[in-house]
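Visitor: Sharing a structure, written as C-alpha cells. Questions coming.
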Amino acid sequence: MSQPLKYWRELYPGKFAPENRIFSHIHRGDKIFIGSACAEPQHLVQALIRFVELNPKAFFDAEVLHVRTLGVAPYTDGKFKQNFRHNSFFIGDSTREAVNKGLADYTPIFLSQVPDLFFRGLEKVDMALLQTSLPDVHGYMSLGISVDIEMAAAEMASTVVAQVNARMPRVHGNTFIHIDNVDYIVPCDEELLEYKPRADTEIVRRIGKYVSQLIEDGDTIQVGYGAIPNAILANLAGKKNLGVHTELISDGIVDLMQKGVVDNSRKNLNRGKTVATFCMGSRGTYEFLHDNPGVEFRTIDYTNNPLVIAQHENMVAINSAIEVDLTGQSTAESIGKSFYSGVGGQADFMRGAVLAKGGKSILALQSTASNSTVSRIVPFLREGAGATLIRGDIHYVVTEYGIAYLHGKNIRERAMELIAIAHPRHRPALVAEAREAGLIYHDQAFIPGEKGLYPEELETHRTTGKGLSIFFRPIKICDEPLLKEFIYSLSDQSLYRRFLSTHYYIPHEQLQDLIVIDYLREKTIVAVVCQNDTEQIVGLGQYFTEQHTFTAEVAFAVRDDYHNQGIGTELLAYLTYLARRQGLLGFTAEVLPDNLPMLRVFEKGGFDLHRKTTAGISELKMTFKN
C-alpha cells in the first residue's frame with residue numbers, strides 16, 4: 001500500500017526541489033544515466049532538455065548512458081552537440097542514425113556485464129534519472145518494469161533522481177530502492193511507453209509453428225522481442241507446465257501465464273516464479289505485473305548470467321538474428337559495417353542454454369529481407385558484421401522453410417542443412433558459392449525451381465500396427481549423412497535384397513543421386529525416429545514414375561534392427577496413397593524370390609497383383625483397386 005506523496009514531501013522537503021535546481025548539479029564532463037526502454041522517465045528527459053535550452057552554457061560534454069530508448073532521444077540532436085554525447089549499450093531506432101554517423105557512441109558488451117562496469121568504477125554515473133512507483137508505507141519505491149542495469153546505476157550514482165509515477169507497477173523481486181537512497185523526487189504521472197511488435201504475417205506464423213515443435217512440456221524458456229518471438233509464444237498454447245527465465249517479459253508471456261501454460265511448476269530454480277529483468281509490452285501487461293507474487297524481476301547480472309541460466313534443466317533459449325552464415329555463425333547486432341542493435345543478452349542466454357542439462361539454443365529468423373531480394377542465410381557474414389553467436393552457440397536454426405539442426409555437425413553438413421531452409425529463390429546461388437568456397441562437395445547436385453522444392457505437405461506421423469510411432473517425410477538435400485548411416489546399417493542380406501548387389505561402399509556420387517531428386521517425378525520417403533534430438537532413418541521407400549504406362553516402380557528397405565515392427569507395411573501404404581493421389585494406376589517391383597518378408601508386404605497391400613519370375617527375379621505388377 002502506497003503512502004501519499006504529501007506525507008513524504010513533509011518528511012523530506014529537500015528531496016522535492018525545482019527541476020532547475022536538480023539539473024544544476026550536472027557539471028561539464030559528467031555522466032548521466034537514463035532509465036531504459038519502456039521505463040524511460042519521459043518527463044525527466046524533456047525537463048533536462050528544457051533546462052539546457054534555457055541554460056545552454058550550464059554544462060558541456062555530458063555523456064548520456066542507457067541501454068535502449070524507445071522514446072525520443074533529443075540529446076542526440078545536433079544543436080546539443082556541445083552539451084551531450086550519447087553512449088548506448090544497446091542501439092535503438094531513435095539513436096541508430098546518430099551512432100552510424102559518428103554523432104553518438106555504442107559500447108558493445110554483454111548486458112550481464114554492465115552492472116560490473118558501474119560497481120568497479122570503470123563507468124561512473126554522476127546522475128541517474130529513473131522512474132519508479134509510488135513509495136509504499138515503508139518508503140520503498142519499485143523500479144517497476146525495468147530493473148536490468150538501473151539498480152546498479154542507482155546504487156553507484158552520485159545523485160539519484162526519481163520520477164515517481166502512479167502508473168508504474170510495483171513489481172516483486174529485486175526492484176526496490178528506499179526513499180532515503182534517492183536524492184530528488186519529481187512527481188509526474190504519465191502513461192508508460194508501450195511496445196507493440198509489427199503484425200504477424202503468414203511467414204512469421206510458420207516460423208512460430210516450427211519453433212513450437214522443439215519446445216516440450218516442462219521446458220523453461222527465454223524468448224526475445226519482436227514479431228517472430230510473438231508468433232512463437234502464440235504457438236505454445238497447447239503446451240503444459242512451461243517455466244520462464246528470461247531477460248524480457250512481453251505480452252505473449254503474460255498471455256501464456258493467464259492461460260495456465262506457464263506455471264513454472266517444473267523449474268528447478270526459482271520454482272513457481274516467472275523471472276525477468278525488464279518488460280516491454282502493453283498497459284494490460286503492466287497491470288498484470290503490479291503486485292503479482294508470481295513474477296520476480298531481478299537485476300541483469302543475475303537473469304543473464306550464463307552460469308545461472310545453465311542451472312535450469314531443459315532450458316530453451318530462443319532468439320533472432322539479422323543473418324546467419326553457412327558455417328553456423330550469426331549476427332544480431334550489425335548489417336555489415338552498420339551498427340543496428342547490440343550484443344545484448346542473446347549470447348548469454350544461448351550459451352547458458354547450451355550448458356544446461358537438456359538445454360537447447362534456437363535461432364529463428366525470416367529467410368529473406370527487402371521483399372525477398374536479400375537472403376538472410378549467407379555463405380559468410382558480411383565484412384564488418386559482428387559475430388554475435390559463434391559456430392558452437394547454435395543448436396537449431398529455424399526459418400519459414402523448416403528446421404536445421406547444427407549441433408555436432410561438420411561444416412559441409414551445416415551448409416547443406418541451412419541451404420535446405422533458405423528461400424528457394426536463393427538456394428541455387430548459395431549452392432554455387434558454397435561449392436566455390438569448398439564448404440560442400442564441388443560436384444554437389446541441386447535441382448532448382450519447383451522440381452527441387454521440398455514438399456513439406458507430405459510430412460506425416462504414423463503409428464504402425466505394432467505401436468511404433470514413426471515420422472514419414474520426403475528425403476532432403478541435407479540427408480546424405482543420415483542416408484549413408486542407414487545404408488551402412490543394413491546387413492549384407494538386406495543390402496542384396498534391396499539393391500540386388502552388396503554395396504560395401506556407397507560413394508557420395510551415388511548417395512546424392514538418391515537425395516537430390518525431382519520431387520514432381522519421384523517420391524522418396526524416409527521413416528524417421530528421433531533419438532537425443534537427432535533424427536535416425538529406419539526405413540526408406542521410393543517410387544519412380546513411368547510416364548508412358550502411368551505406373552511407378554516401387555521399392556523399400558527397413559533397418560534390420562527395426563524389422564517386424566510394421567514399418568514396411570506403413571511405408572507401402574503411404575506410398576500407395578501418394579501414388580493414387582497423383583493419379584497413377586499402380587506399382588511395379590522387382591523382388592528376389594527368397595525375400596519373403598517383402599513379398600508378404602506387397603501381397604497384403606490390397607492390390608490386384610500379378611507375379612512372374614524371370615532370370616531369378618520376381619517381377620510384380622500391382623494394380624490399384626477402385
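Residue numbers start at 1 in each chain; chains themselves are named A, B, ... in the order of the C-alpha cells; ligands are numbered from 1 in the order shown.
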Can you tell me, as number ranges by chain, what residues are no more than 8 Å from stretch 179-193 of chain A when counting only C-alpha atoms, ignoring any on the same chain fewer than 2 positions away?
Guide: A: 14-17, 19, 22, 37-40, 43, 70-71, 135, 139-141, 159-168, 177, 195, 283
Visitor: For A:Gln565, which of A:Gln582, A:Gln493, A:Gln536, A:Thr463 is the closest residue, counting only C-alpha atoms?
Guide: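 Smallest separation from A:Gln565 among the options: A:Thr463.
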Visitor: Taking only C-alpha atoms into account, name the residue in A:Gly449, A:Pro13, A:Pro379, A:Gly586 that is nearest to A:Tyr519.
Guide: A:Gly449
Visitor: Enumerate, as a VMD selection string, the complete set of residues in stretch 470-571 of chain A that a backbone-based DSSP assignment places in alpha helix (DSSP H).
Guide: chain A and resid 480 to 489 492 to 499 508 to 515 567 to 571
Visitor: If we count only C-alpha atoms and set the cut-off at 7 Å, which residues sit around A:Val324, ignoring sequence neighbours fewer than 6 positions away in its own chain? Please answer as a list in words.
Guide: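 Within the cut-off, the hits are Ser330, Thr331, Arg376, Ile377, Val378 and Leu381 of chain A.
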Visitor: I'd like the neighbourhood of A:Leu514 as an NGL selection string, where a residue qualifies if any of its atoms comes within 9 Å (using only C-alpha atoms), though same-chain residues fewer than 6 positions away should be ignored.
Guide: :A and (475 or 480 or 483 or 524)
Visitor: Contacts of A:Ile515 at 10 Å or less, counting only C-alpha atoms, minus same-chain residues fewer than 3 places along, as an MDAnalysis selection string?
Guide: chainID A and resid 445:446 474:480 483 510:512 518 524
